[in-house]
Amino acid sequence: IVGSASMKIVATATERATGRLSALKMLRESAVAHTELEFRLLREMANYLVERYGERYGLFRSLVHSTEEAVRRELNVEHEIRRGEIAARELYPEGSGFRVPSERLVSRRRGSRIEIDAGPERLVESEFLPGMSVRSAGASPETLPLAAAAARRILPHEAANLFQEGPPSRPIRFNPDWHGGNFRVDPAHPTGPVGAIDFGQLIGDDAAHTFTIGDRGQVLDLFALSQVLREAGPHPYLVERVAAVRGLSEAQRAGLARTLRNYFPDRTSGDATPAELGRRRITAYFSVLAALQDNGTPAPMTYSEFVRGVLQTPQFLVLLPEAERATIRNPLAELTTAVEARARPLGAVVRARMTRSDALALGAGMVIDRCRVQLDRVLNALRN
């Protein structure tokens, strides 16, 4: 066994006739058998928490929903093989400095002394890529330079794909799961191509999971709005802008004002470390998505998957010397620059429109929300 995770086990196998080495990827039986039950429990838990304690658990419910979608995509190994072919053809083609192993479905194989019958839904034979993962290489001082060299290829490549230019209708295919365990380097060939594996969660392979440059524009707009909401609270102008980005009707806009107030009841204040500030920024974006979901007007699952893909960046940046981290092109820097450019004019409009009556009305709403939260706490304590 050369790899083991919550959903799959990977073992090497040698074909006797040819001596060819392969990697056998098998979905765990427990992943196939228990996933439905486990997500049903998570859904029930999230719904119970929202019903009893209010929308402060709506963010958790939103994340449960997006995680379930991602896991379900990875349970279909036939689709995973097809997504790997798309990745080899479009994301990491020959000459790009990357290599995607070829794969095939194994439904049944018989030999004179062994029989494998995992069914067509669980077992995949993959071309074996020697070496180690970038994550493992980065954990050892001896192989850290190899991991850093891979990061110098990976970060600009992913940034160029996620932030490519073109018309709004152009599709963006990307793997939100491009973590350090899914890239491989070979110490015996340090200048060779970086192996890219595991495309079960690839976005853009079917009509139900499309993502375009226009969608990315909406993600950036919502992200920028979330940052101003985090600092200014649910000003009517910001509510209108969120509704306009998603094309909501007048009736839907009225509900959105309430759900946004549940997630942005107060202005963010006080000092924060860079790490804490980063967490607040990310939480604010996912809070907007949760508010839209609570309003019955959810954004596509790909809107959270795109940001999840961008958030893979730091694990590669830490492999580089500190002075280099600020200069190399990477998805997180691209996202930050684009969001800040959109957020500045939004903030200026809110400040210009923040009249005395607006401030008083906003403040009154915040006071009411805080009183409601305190009342909920008292009632919960009495129930307990």
# chains A, B, ... in the order shown; residues from 1 in each chain; ligands from 1

$ select_by_dssp --residues "range 271-337 of chain A" --states "helix (DSSP H, G or I)" --output "ChimeraX atom specification"
/A:274-294,301-310,314-317,322-325,331-337

$ write_last_selection --atoms "N, CA and C atoms" --output "short mmCIF file (atom, residue, chain, number, x, y, z; two decimals), in the first residue's frame"
data_model
loop_
_atom_site.label_atom_id
_atom_site.label_comp_id
_atom_site.auth_asym_id
_atom_site.auth_seq_id
_atom_site.Cartn_x
_atom_site.Cartn_y
_atom_site.Cartn_z
N PRO A 274 -2.52 38.95 10.64
CA PRO A 274 -2.77 38.63 9.22
C PRO A 274 -3.55 37.33 9.04
N ALA A 275 -3.23 36.32 9.87
CA ALA A 275 -3.94 35.05 9.75
C ALA A 275 -5.41 35.20 10.12
N GLU A 276 -5.68 35.94 11.22
CA GLU A 276 -7.07 36.14 11.64
C GLU A 276 -7.82 36.99 10.61
N LEU A 277 -7.15 38.00 10.05
CA LEU A 277 -7.79 38.81 9.03
C LEU A 277 -8.13 37.98 7.80
N GLY A 278 -7.23 37.07 7.43
CA GLY A 278 -7.51 36.18 6.31
C GLY A 278 -8.72 35.31 6.57
N ARG A 279 -8.82 34.77 7.80
CA ARG A 279 -9.98 33.94 8.14
C ARG A 279 -11.27 34.75 8.09
N ARG A 280 -11.22 35.99 8.56
CA ARG A 280 -12.42 36.83 8.52
C ARG A 280 -12.85 37.10 7.08
N ARG A 281 -11.89 37.33 6.20
CA ARG A 281 -12.22 37.60 4.80
C ARG A 281 -12.89 36.39 4.15
N ILE A 282 -12.32 35.22 4.38
CA ILE A 282 -12.89 34.00 3.80
C ILE A 282 -14.26 33.72 4.39
N THR A 283 -14.39 33.86 5.72
CA THR A 283 -15.67 33.62 6.38
C THR A 283 -16.74 34.55 5.85
N ALA A 284 -16.37 35.81 5.58
CA ALA A 284 -17.34 36.77 5.07
C ALA A 284 -17.89 36.32 3.72
N TYR A 285 -17.03 35.81 2.85
CA TYR A 285 -17.51 35.36 1.53
C TYR A 285 -18.47 34.19 1.68
N PHE A 286 -18.08 33.20 2.47
CA PHE A 286 -18.96 32.04 2.63
C PHE A 286 -20.24 32.41 3.38
N SER A 287 -20.19 33.47 4.18
CA SER A 287 -21.40 33.93 4.86
C SER A 287 -22.38 34.51 3.85
N VAL A 288 -21.89 35.22 2.83
CA VAL A 288 -22.77 35.71 1.77
C VAL A 288 -23.43 34.54 1.05
N LEU A 289 -22.64 33.49 0.75
CA LEU A 289 -23.22 32.31 0.10
C LEU A 289 -24.27 31.65 0.99
N ALA A 290 -24.01 31.60 2.30
CA ALA A 290 -24.98 31.01 3.23
C ALA A 290 -26.25 31.85 3.29
N ALA A 291 -26.11 33.18 3.26
CA ALA A 291 -27.28 34.05 3.28
C ALA A 291 -28.13 33.85 2.03
N LEU A 292 -27.47 33.71 0.89
CA LEU A 292 -28.21 33.44 -0.35
C LEU A 292 -28.94 32.11 -0.27
N GLN A 293 -28.29 31.10 0.30
CA GLN A 293 -28.93 29.79 0.43
C GLN A 293 -30.12 29.86 1.38
N ASP A 294 -29.97 30.55 2.50
CA ASP A 294 -31.08 30.69 3.45
C ASP A 294 -32.25 31.45 2.83
N MET A 301 -22.86 25.60 -6.69
CA MET A 301 -21.82 24.97 -5.88
C MET A 301 -20.43 25.35 -6.37
N THR A 302 -20.29 25.61 -7.65
CA THR A 302 -18.97 25.94 -8.20
C THR A 302 -18.43 27.26 -7.64
N TYR A 303 -19.29 28.12 -7.10
CA TYR A 303 -18.83 29.39 -6.54
C TYR A 303 -18.03 29.17 -5.26
N SER A 304 -18.36 28.15 -4.51
CA SER A 304 -17.55 27.81 -3.34
C SER A 304 -16.35 26.98 -3.75
N GLU A 305 -16.49 26.15 -4.78
CA GLU A 305 -15.38 25.31 -5.22
C GLU A 305 -14.25 26.14 -5.83
N PHE A 306 -14.59 27.23 -6.52
CA PHE A 306 -13.55 28.09 -7.09
C PHE A 306 -12.69 28.67 -5.98
N VAL A 307 -13.33 29.19 -4.95
CA VAL A 307 -12.57 29.78 -3.83
C VAL A 307 -11.81 28.69 -3.08
N ARG A 308 -12.40 27.51 -2.95
CA ARG A 308 -11.66 26.41 -2.31
C ARG A 308 -10.40 26.09 -3.10
N GLY A 309 -10.49 26.15 -4.42
CA GLY A 309 -9.30 25.93 -5.23
C GLY A 309 -8.24 26.99 -4.99
N VAL A 310 -8.66 28.25 -4.92
CA VAL A 310 -7.70 29.33 -4.66
C VAL A 310 -7.02 29.13 -3.31
N PRO A 314 -1.63 28.59 -0.20
CA PRO A 314 -0.63 28.76 0.85
C PRO A 314 0.27 27.56 1.09
N GLN A 315 -0.27 26.34 0.90
CA GLN A 315 0.55 25.16 1.18
C GLN A 315 1.73 25.03 0.20
N PHE A 316 1.65 25.71 -0.94
CA PHE A 316 2.77 25.74 -1.88
C PHE A 316 3.67 26.95 -1.64
N LEU A 317 3.08 28.06 -1.23
CA LEU A 317 3.88 29.25 -0.94
C LEU A 317 4.89 28.99 0.18
N GLU A 322 10.93 33.09 1.85
CA GLU A 322 9.96 34.13 2.17
C GLU A 322 10.01 35.29 1.18
N ALA A 323 11.18 35.68 0.74
CA ALA A 323 11.29 36.80 -0.18
C ALA A 323 10.64 36.51 -1.53
N GLU A 324 10.56 35.25 -1.89
CA GLU A 324 10.01 34.86 -3.19
C GLU A 324 8.49 34.78 -3.17
N ARG A 325 7.91 34.62 -2.00
CA ARG A 325 6.46 34.40 -1.91
C ARG A 325 5.65 35.58 -2.41
N PRO A 331 -2.59 31.99 -7.39
CA PRO A 331 -4.03 32.27 -7.40
C PRO A 331 -4.50 33.18 -6.27
N LEU A 332 -3.94 33.04 -5.07
CA LEU A 332 -4.39 33.85 -3.94
C LEU A 332 -4.08 35.33 -4.17
N ALA A 333 -2.90 35.62 -4.71
CA ALA A 333 -2.55 37.01 -5.01
C ALA A 333 -3.47 37.58 -6.09
N GLU A 334 -3.79 36.76 -7.10
CA GLU A 334 -4.70 37.21 -8.16
C GLU A 334 -6.08 37.52 -7.58
N LEU A 335 -6.58 36.64 -6.71
CA LEU A 335 -7.89 36.86 -6.09
C LEU A 335 -7.88 38.13 -5.25
N THR A 336 -6.84 38.31 -4.43
CA THR A 336 -6.75 39.47 -3.55
C THR A 336 -6.74 40.77 -4.35
N THR A 337 -5.94 40.82 -5.41
CA THR A 337 -5.86 42.03 -6.23
C THR A 337 -7.20 42.36 -6.87
#

$ select_by_dssp --residues "range 59-145 of chain A" --states "strand (DSSP E)" --output "list in words"
Phe98, Arg99, Glu103, Arg104, Leu105, Arg109, Arg110, Glu115, Ile116, Leu123, Val124, Glu125, Ser126, Glu127, Met132 and Ser133 of chain A

$ write_last_selection --atoms "C-alpha atoms" --output "PDB file, in the first residue's frame"
ATOM      1  CA  PHE A  98       3.274  18.274 -15.999  1.00  0.00           C
ATOM      2  CA  ARG A  99       2.228  14.698 -16.557  1.00  0.00           C
ATOM      3  CA  GLU A 103      -6.060   5.249 -16.221  1.00  0.00           C
ATOM      4  CA  ARG A 104      -8.551   2.549 -16.996  1.00  0.00           C
ATOM      5  CA  LEU A 105     -11.466   0.941 -15.224  1.00  0.00           C
ATOM      6  CA  ARG A 109      -9.386  -9.682 -13.873  1.00  0.00           C
ATOM      7  CA  ARG A 110      -8.647 -13.411 -13.543  1.00  0.00           C
ATOM      8  CA  GLU A 115      -9.037 -13.091  -8.954  1.00  0.00           C
ATOM      9  CA  ILE A 116      -9.928  -9.434  -8.464  1.00  0.00           C
ATOM     10  CA  LEU A 123     -11.308  -0.172  -8.867  1.00  0.00           C
ATOM     11  CA  VAL A 124      -9.088   1.830 -11.247  1.00  0.00           C
ATOM     12  CA  GLU A 125      -5.706   0.873 -12.693  1.00  0.00           C
ATOM     13  CA  SER A 126      -3.436   3.889 -13.116  1.00  0.00           C
ATOM     14  CA  GLU A 127      -0.044   4.392 -14.675  1.00  0.00           C
ATOM     15  CA  MET A 132       6.782  11.075  -3.761  1.00  0.00           C
ATOM     16  CA  SER A 133       4.123  13.692  -3.268  1.00  0.00           C
TER      17      SER A 133
END

$ residues_around --residues "range 145-160 of chain A" --least-positions-apart "3" --cutoff "7 Å" --atoms "only C-alpha atoms" --output "PyMOL selection string"
chain A and resi 134+137-138+163-164+190+194+316+319-320+329-331

$ write_last_selection --atoms "N, CA and C atoms" --output "CSV table (one decimal), in the first residue's frame"
chain,number,residue,atom,x,y,z
A,134,VAL,N,4.5,16.1,-3.5
A,134,VAL,CA,5.1,17.4,-3.1
A,134,VAL,C,4.9,17.6,-1.6
A,137,ALA,N,7.6,15.6,0.0
A,137,ALA,CA,9.0,16.2,-0.3
A,137,ALA,C,9.2,17.5,0.5
A,138,GLY,N,8.2,18.3,0.7
A,138,GLY,CA,8.3,19.5,1.5
A,138,GLY,C,8.5,19.3,3.0
A,163,PHE,N,-7.4,32.3,-13.6
A,163,PHE,CA,-7.6,33.8,-13.9
A,163,PHE,C,-7.3,34.1,-15.4
A,164,GLN,N,-7.6,33.1,-16.2
A,164,GLN,CA,-7.4,33.3,-17.7
A,164,GLN,C,-8.4,34.4,-18.2
A,190,PRO,N,14.9,15.1,-11.1
A,190,PRO,CA,14.5,16.4,-10.5
A,190,PRO,C,14.0,17.4,-11.5
A,194,VAL,N,6.3,17.3,-13.4
A,194,VAL,CA,5.6,17.1,-12.1
A,194,VAL,C,4.3,16.3,-12.4
A,316,PHE,N,1.7,25.7,-0.9
A,316,PHE,CA,2.8,25.7,-1.9
A,316,PHE,C,3.7,26.9,-1.6
A,319,LEU,N,6.6,26.5,0.8
A,319,LEU,CA,7.7,25.8,0.3
A,319,LEU,C,8.8,26.7,-0.2
A,320,LEU,N,8.5,27.9,-0.5
A,320,LEU,CA,9.4,28.9,-1.1
A,320,LEU,C,10.1,29.8,-0.1
A,329,ARG,N,3.7,34.6,-9.2
A,329,ARG,CA,2.3,34.7,-9.6
A,329,ARG,C,1.6,33.5,-8.9
A,330,ASN,N,0.5,33.7,-8.3
A,330,ASN,CA,-0.2,32.6,-7.6
A,330,ASN,C,-1.7,33.0,-7.5
A,331,PRO,N,-2.6,32.0,-7.4
A,331,PRO,CA,-4.0,32.3,-7.4
A,331,PRO,C,-4.5,33.2,-6.3

$ closest_residue --among "A:Leu59, A:Leu129, A:Ala196, A:Ala338" --to "Ala87 in chain A" --atoms "only C-alpha atoms"
A:Ala196

$ residues_around --residues "Leu238 in chain A" --least-positions-apart "5" --cutoff "9 Å" --atoms "only C-alpha atoms" --output "PyMOL selection string"
chain A and resi 225-226+228-229+233+243+346+350

$ atom_distance --atom1 "CA of Met45 in chain A" --atom2 "CA of His65 in chain A"
12.1 Å

$ closest_residue --among "A:Arg28, A:Tyr237, A:Val10, A:Leu41" --to "Ala348 in chain A" --atoms "only C-alpha atoms"
A:Tyr237
